[in-house]
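Notes to accompany the following structure.
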Protein chains: 4
Amino acid sequence: MDTHETAVRGYTQDKASYARRLKRIEGQVRGIQRMVDEDAYCIDVLTQISAIQSALKSVSLGLVEEHLGHCVRHAVEQAHDTGDTSEMDAKLAEANAAIARLVKS
Amino acid sequence: MDTHETAVRGYTQDKASYARRLKRIEGQVRGIQRMVDEDAYCIDVLTQISAIQSALKSVSLGLVEEHLGHCVRHAVEQAHDTGDTSEMDAKLAEANAAIARLVKS
Amino acid sequence: MDTHETAVRGYTQDKASYARRLKRIEGQVRGIQRMVDEDAYCIDVLTQISAIQSALKSVSLGLVEEHLGHCVRHAVEQAHDTGDTSEMDAKLAEANAAIARLVKS
Amino acid sequence: MDTHETAVRGYTQDKASYARRLKRIEGQVRGIQRMVDEDAYCIDVLTQISAIQSALKSVSLGLVEEHLGHCVRHAVEQAHDTGDTSEMDAKLAEANAAIARLVKS
C-alpha cells in the first residue's frame, strides 16, 4: 500500500470515467435501499443486485487492466534495467492476489 | 413482478437488518469514490471492491433464502391445496432465473 | 445425505442428459491434460478451462432447479400435510447451503 | 494462439504438477458420473461439482500467474528494448480477456 497524495495511478487518465461509474453504482445501491424500504418483490431486488455486481466486476476488470498496463509494466521495465527484480516480484504477487480475490469474490 | 404497496415479503421481518447492510455497502461505494478521487493505489481500490462484492453476495444469498422459505413455499402449498400449479411453476422459474443470474454475475 | 440404492432423484428423468454432459466435460478435462502435455499456449488452456467452468455451472444450475422442483417441493407439501416442518427446514437449509457454495465456488 | 511444438510456456517448469492436478480433476468428474448413474442425492452431486469448480479455478489462477510472470513479462522487456510495443499490447490484451473470462465463468 502506498498513498502519497500526488501519485499517478494506472487509472488516473480515466479517473473521471471511474468516478462517474462509481457514482452510478452508489445510486443503484440507494435504489435497492428504497426498494427494500417499500417492500419490493424479492426477485426484483435480486435482479438489481446482480446488475450492481456486474457493474462492479466491470470496474474491477478495468482497474486490473490499467494496473497491468502501467504499474506492473513499469516494474518489469525497471527490473530489466537494473537487474533488481524485488519490486517487480512484489508487484506481480500483489496483482495475482488481487486477481484471485476478484475471481473468488 | 408484483408491486402492490402493502406487500409482505420474505425479507420483511429482517427489513431493518437488510436496510443496515445496504447502508453500509453504500458507504463502502462512497469510500471507493473517495479513494479514486485521491488517486489511491489500484490494488487497494480492488481490495475494497472485492469486499463490497462479498457483502452484496451475502445480501443476495439471504434474499434467495427468504424467497425460497416464504414465497416459493407458499406457492407450493397453494398448488398442493388447489391442484393448480401455474403460480408455483412461475415462482420456481423466477427463483431459478434469479439464482442463475446470481451465479453468473 | 441419503443414499439408498433405488432412490428417485430430481434429476432422474434427465439422467441420460446429465450423463452425456458430464461425459463431454470429462473429455474436455482430458483435452486440457493433452494441451498441457504438448505445451499449449497458456491463454488457450485458460480458454478451455473457462469453457469447462461454464459447462459445470450449467449442470449445477440444472441440478438446483430439479432439486427445488422435486425434493424441496415434496418436503414443503409433506410439512403442509403433517404440520411437521423439520424435514422441510432441513431440505431448505441444505438447498441454501448448496446455492451459497455454488455462488462462491 | 501459437502452437509450435517445442514452445516453453509459463507453466512448463510446473508441468508435472499441473498434469497431476488435472488428472485428479478428471477423476472427480468421473466420480460425479458414477454418482449420477447411481442416483446419488442432488445435494451431494452439487457439493462435488463445487469442489471441481474450486480446483479448476485454482489451476486457472496458477496459469494466469505464470503467464504474467513469464509471457507478459518478456513481452514488456522486449518492447522496452526495441521500442515496438505491438507484441506487448497484444499479450496484455489477451491476458486481460482471459482474466475477464475467468472472472465471469
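Letters A, B, ... go to the chains of the C-alpha cells in the order shown; residues in each chain start at 1; ligands are counted from 1 in the same order.
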Dump as a Markdown table the rows for residues of chain A within 8 Å of chain B: closest atom pair and distance in Å with one decimal, only C-alpha atoms counted, ordered by chain and rising residue number.
```
| residue | atom | partner | partner_atom | distance |
| --- | --- | --- | --- | --- |
| A:Met1 | CA | B:Tyr41 | CA | 6.7 |
| A:Asp2 | CA | B:Tyr41 | CA | 6.4 |
| A:Thr3 | CA | B:Ala40 | CA | 5.9 |
| A:Glu5 | CA | B:Glu38 | CA | 6.8 |
| A:Thr6 | CA | B:Asp39 | CA | 7.5 |
| A:Ala7 | CA | B:Asp39 | CA | 6.3 |
| A:Val8 | CA | B:Asp39 | CA | 6.7 |
| A:Arg9 | CA | B:Asp39 | CA | 6.3 |
| A:Gly10 | CA | B:Cys42 | CA | 7.1 |
| A:Tyr11 | CA | B:Cys42 | CA | 7.5 |
| A:Thr12 | CA | B:Asp39 | CA | 6.9 |
| A:Lys15 | CA | B:Val36 | CA | 6.9 |
| A:Tyr18 | CA | B:Val36 | CA | 7.6 |
| A:Ala19 | CA | B:Gln33 | CA | 6.0 |
| A:Leu22 | CA | B:Gln33 | CA | 6.2 |
| A:Lys23 | CA | B:Gln33 | CA | 7.3 |
| A:Ile25 | CA | B:Val29 | CA | 7.5 |
| A:Glu26 | CA | B:Val29 | CA | 5.9 |
| A:Val29 | CA | B:Glu26 | CA | 5.9 |
| A:Arg30 | CA | B:Glu26 | CA | 6.8 |
| A:Ile32 | CA | B:Leu22 | CA | 7.7 |
| A:Gln33 | CA | B:Ala19 | CA | 6.0 |
| A:Val36 | CA | B:Lys15 | CA | 6.9 |
| A:Asp37 | CA | B:Ala19 | CA | 7.3 |
| A:Glu38 | CA | B:Glu5 | CA | 7.0 |
| A:Asp39 | CA | B:Arg9 | CA | 6.3 |
| A:Ala40 | CA | B:Thr3 | CA | 6.1 |
| A:Tyr41 | CA | B:Asp2 | CA | 6.4 |
| A:Cys42 | CA | B:Leu63 | CA | 6.4 |
| A:Ile43 | CA | B:Ala98 | CA | 6.6 |
| A:Asp44 | CA | B:Met1 | CA | 6.9 |
| A:Leu46 | CA | B:Ser60 | CA | 6.1 |
| A:Thr47 | CA | B:Ala98 | CA | 6.8 |
| A:Ile49 | CA | B:Leu56 | CA | 7.0 |
| A:Ser50 | CA | B:Ser105 | CA | 5.6 |
| A:Ala51 | CA | B:Ser105 | CA | 7.5 |
| A:Gln53 | CA | B:Ser105 | CA | 5.9 |
| A:Ser54 | CA | B:Ser105 | CA | 5.4 |
| A:Leu56 | CA | B:Ile49 | CA | 7.0 |
| A:Ser60 | CA | B:Leu46 | CA | 6.1 |
| A:Leu63 | CA | B:Cys42 | CA | 6.4 |
| A:Val64 | CA | B:Cys42 | CA | 7.7 |
| A:His67 | CA | B:Cys42 | CA | 6.5 |
| A:Glu94 | CA | B:Ile43 | CA | 7.4 |
| A:Ala95 | CA | B:Ile43 | CA | 7.2 |
| A:Ala98 | CA | B:Ile43 | CA | 6.6 |
| A:Arg101 | CA | B:Ser50 | CA | 6.5 |
| A:Leu102 | CA | B:Ser50 | CA | 5.9 |
| A:Ser105 | CA | B:Ser54 | CA | 5.4 |
```
Could you pull the residues within 10 Å of C:His80, counting only C-alpha atoms, minus those fewer than 5 positions along the same chain, as a PyMOL selection string?
(chain B and resi 73-74+76-78+80-81) or (chain C and resi 74-75+85+88)
May I have the residues from that selection written out with N, CA and C atoms, as a PDB file, in the first residue's frame?
```pdb
ATOM      1  N   ARG B  73     -42.306 -21.412  -0.922  1.00  0.00           N
ATOM      2  CA  ARG B  73     -43.011 -22.342  -0.035  1.00  0.00           C
ATOM      3  C   ARG B  73     -44.529 -22.135  -0.101  1.00  0.00           C
ATOM      4  N   HIS B  74     -44.979 -20.877  -0.015  1.00  0.00           N
ATOM      5  CA  HIS B  74     -46.420 -20.621  -0.047  1.00  0.00           C
ATOM      6  C   HIS B  74     -47.021 -21.018  -1.383  1.00  0.00           C
ATOM      7  N   VAL B  76     -45.987 -23.397  -3.307  1.00  0.00           N
ATOM      8  CA  VAL B  76     -46.071 -24.866  -3.338  1.00  0.00           C
ATOM      9  C   VAL B  76     -47.291 -25.343  -2.532  1.00  0.00           C
ATOM     10  N   GLU B  77     -47.469 -24.746  -1.355  1.00  0.00           N
ATOM     11  CA  GLU B  77     -48.610 -25.136  -0.513  1.00  0.00           C
ATOM     12  C   GLU B  77     -49.931 -24.884  -1.230  1.00  0.00           C
ATOM     13  N   GLN B  78     -50.019 -23.722  -1.858  1.00  0.00           N
ATOM     14  CA  GLN B  78     -51.243 -23.358  -2.562  1.00  0.00           C
ATOM     15  C   GLN B  78     -51.516 -24.336  -3.718  1.00  0.00           C
ATOM     16  N   HIS B  80     -50.531 -27.325  -3.881  1.00  0.00           N
ATOM     17  CA  HIS B  80     -50.884 -28.610  -3.265  1.00  0.00           C
ATOM     18  C   HIS B  80     -52.362 -28.614  -2.841  1.00  0.00           C
ATOM     19  N   ASP B  81     -52.831 -27.469  -2.342  1.00  0.00           N
ATOM     20  CA  ASP B  81     -54.226 -27.353  -1.899  1.00  0.00           C
ATOM     21  C   ASP B  81     -55.198 -27.313  -3.073  1.00  0.00           C
TER      22      ASP B  81
ATOM     23  N   HIS C  74     -41.563 -31.474  -2.510  1.00  0.00           N
ATOM     24  CA  HIS C  74     -42.207 -32.563  -1.778  1.00  0.00           C
ATOM     25  C   HIS C  74     -42.098 -32.384  -0.266  1.00  0.00           C
ATOM     26  N   ALA C  75     -40.959 -31.857   0.173  1.00  0.00           N
ATOM     27  CA  ALA C  75     -40.791 -31.622   1.615  1.00  0.00           C
ATOM     28  C   ALA C  75     -41.777 -30.559   2.111  1.00  0.00           C
ATOM     29  N   THR C  85     -42.567 -29.477  10.259  1.00  0.00           N
ATOM     30  CA  THR C  85     -41.728 -28.781   9.275  1.00  0.00           C
ATOM     31  C   THR C  85     -40.258 -29.191   9.345  1.00  0.00           C
ATOM     32  N   MET C  88     -38.704 -30.329   6.028  1.00  0.00           N
ATOM     33  CA  MET C  88     -38.695 -29.195   5.101  1.00  0.00           C
ATOM     34  C   MET C  88     -37.608 -28.190   5.482  1.00  0.00           C
TER      35      MET C  88
END
```
Which residue of D:Gln13, D:Arg24, D:Thr82, D:Ala93 approaches A:Leu68 most closely, using only C-alpha atoms:
D:Ala93
In Å, with one decimal, what is the gap from atom CA of A:Gly69 to atom CA of D:Ala90?
11.2 Å
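For the pair atom CA of B:Asn96 and atom CA of C:Asp14, the interatomic distance is 17.2 Å.
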Could you pull out the alpha helix (DSSP H) residues of stretch 34-70 of chain C from DSSP and send them as a VMD selection string?
chain C and resid 34 to 37 42 to 67
I need the chosen residues saved as a short mmCIF file (atom, residue, chain, number, x, y, z; two decimals), in the first residue's frame, with N, CA, C and O atoms.
```cif
data_model
loop_
_atom_site.label_atom_id
_atom_site.label_comp_id
_atom_site.auth_asym_id
_atom_site.auth_seq_id
_atom_site.Cartn_x
_atom_site.Cartn_y
_atom_site.Cartn_z
N ARG C 34 -3.97 -32.98 -22.34
CA ARG C 34 -3.19 -33.12 -23.57
C ARG C 34 -2.52 -31.80 -23.93
O ARG C 34 -1.36 -31.75 -24.31
N MET C 35 -3.29 -30.71 -23.81
CA MET C 35 -2.74 -29.39 -24.13
C MET C 35 -1.51 -29.08 -23.28
O MET C 35 -0.49 -28.60 -23.78
N VAL C 36 -1.63 -29.34 -21.97
CA VAL C 36 -0.51 -29.07 -21.07
C VAL C 36 0.67 -29.96 -21.44
O VAL C 36 1.82 -29.52 -21.48
N ASP C 37 0.37 -31.22 -21.75
CA ASP C 37 1.42 -32.16 -22.11
C ASP C 37 2.17 -31.68 -23.35
O ASP C 37 3.38 -31.89 -23.48
N CYS C 42 -0.57 -20.83 -22.80
CA CYS C 42 -1.29 -20.65 -21.53
C CYS C 42 -2.72 -20.13 -21.75
O CYS C 42 -3.68 -20.59 -21.14
N ILE C 43 -2.83 -19.12 -22.61
CA ILE C 43 -4.12 -18.47 -22.82
C ILE C 43 -5.12 -19.45 -23.43
O ILE C 43 -6.31 -19.44 -23.09
N ASP C 44 -4.64 -20.32 -24.31
CA ASP C 44 -5.53 -21.33 -24.91
C ASP C 44 -6.01 -22.33 -23.86
O ASP C 44 -7.16 -22.76 -23.88
N VAL C 45 -5.12 -22.69 -22.94
CA VAL C 45 -5.52 -23.58 -21.85
C VAL C 45 -6.57 -22.89 -20.99
O VAL C 45 -7.60 -23.48 -20.64
N LEU C 46 -6.33 -21.62 -20.67
CA LEU C 46 -7.28 -20.86 -19.84
C LEU C 46 -8.66 -20.78 -20.51
O LEU C 46 -9.68 -20.89 -19.83
N THR C 47 -8.67 -20.57 -21.82
CA THR C 47 -9.96 -20.50 -22.53
C THR C 47 -10.72 -21.82 -22.39
O THR C 47 -11.93 -21.82 -22.14
N GLN C 48 -10.02 -22.94 -22.51
CA GLN C 48 -10.68 -24.23 -22.36
C GLN C 48 -11.18 -24.45 -20.94
O GLN C 48 -12.26 -25.01 -20.74
N ILE C 49 -10.40 -24.02 -19.95
CA ILE C 49 -10.86 -24.18 -18.57
C ILE C 49 -12.12 -23.36 -18.33
O ILE C 49 -13.07 -23.81 -17.68
N SER C 50 -12.16 -22.14 -18.88
CA SER C 50 -13.36 -21.32 -18.73
C SER C 50 -14.58 -22.01 -19.34
O SER C 50 -15.68 -21.94 -18.79
N ALA C 51 -14.38 -22.67 -20.47
CA ALA C 51 -15.49 -23.40 -21.10
C ALA C 51 -16.01 -24.51 -20.18
O ALA C 51 -17.21 -24.71 -20.05
N ILE C 52 -15.07 -25.21 -19.54
CA ILE C 52 -15.48 -26.28 -18.61
C ILE C 52 -16.23 -25.69 -17.42
O ILE C 52 -17.24 -26.23 -16.97
N GLN C 53 -15.71 -24.58 -16.90
CA GLN C 53 -16.38 -23.94 -15.76
C GLN C 53 -17.82 -23.59 -16.12
O GLN C 53 -18.74 -23.79 -15.31
N SER C 54 -18.02 -23.03 -17.31
CA SER C 54 -19.38 -22.67 -17.72
C SER C 54 -20.26 -23.91 -17.84
O SER C 54 -21.42 -23.91 -17.43
N ALA C 55 -19.70 -24.98 -18.38
CA ALA C 55 -20.48 -26.22 -18.54
C ALA C 55 -20.86 -26.79 -17.16
O ALA C 55 -22.00 -27.24 -16.95
N LEU C 56 -19.91 -26.76 -16.23
CA LEU C 56 -20.19 -27.28 -14.88
C LEU C 56 -21.23 -26.41 -14.17
O LEU C 56 -22.11 -26.91 -13.47
N LYS C 57 -21.10 -25.11 -14.35
CA LYS C 57 -22.05 -24.18 -13.74
C LYS C 57 -23.46 -24.47 -14.25
O LYS C 57 -24.43 -24.47 -13.50
N SER C 58 -23.55 -24.75 -15.53
CA SER C 58 -24.84 -25.03 -16.13
C SER C 58 -25.42 -26.34 -15.60
O SER C 58 -26.62 -26.44 -15.31
N VAL C 59 -24.57 -27.36 -15.42
CA VAL C 59 -25.03 -28.61 -14.81
C VAL C 59 -25.52 -28.35 -13.38
O VAL C 59 -26.59 -28.81 -12.98
N SER C 60 -24.75 -27.57 -12.64
CA SER C 60 -25.12 -27.27 -11.25
C SER C 60 -26.48 -26.57 -11.18
O SER C 60 -27.33 -26.90 -10.35
N LEU C 61 -26.66 -25.57 -12.05
CA LEU C 61 -27.93 -24.83 -12.03
C LEU C 61 -29.09 -25.75 -12.38
O LEU C 61 -30.18 -25.64 -11.81
N GLY C 62 -28.85 -26.69 -13.29
CA GLY C 62 -29.89 -27.67 -13.62
C GLY C 62 -30.25 -28.53 -12.42
O GLY C 62 -31.42 -28.77 -12.12
N LEU C 63 -29.23 -28.96 -11.69
CA LEU C 63 -29.47 -29.81 -10.51
C LEU C 63 -30.21 -29.03 -9.41
O LEU C 63 -31.10 -29.57 -8.75
N VAL C 64 -29.83 -27.76 -9.22
CA VAL C 64 -30.53 -26.93 -8.23
C VAL C 64 -32.00 -26.81 -8.61
O VAL C 64 -32.90 -26.96 -7.78
N GLU C 65 -32.23 -26.56 -9.88
CA GLU C 65 -33.60 -26.40 -10.38
C GLU C 65 -34.43 -27.67 -10.13
O GLU C 65 -35.55 -27.59 -9.62
N GLU C 66 -33.85 -28.81 -10.43
CA GLU C 66 -34.58 -30.06 -10.21
C GLU C 66 -34.76 -30.31 -8.71
O GLU C 66 -35.79 -30.82 -8.28
N HIS C 67 -33.75 -29.95 -7.95
CA HIS C 67 -33.84 -30.16 -6.50
C HIS C 67 -34.99 -29.33 -5.91
O HIS C 67 -35.79 -29.84 -5.12
#
```
I'd like the interatomic distance between atom CA of B:Ala100 and atom CA of C:Asp89, to a tenth of an Å.
22.7 Å
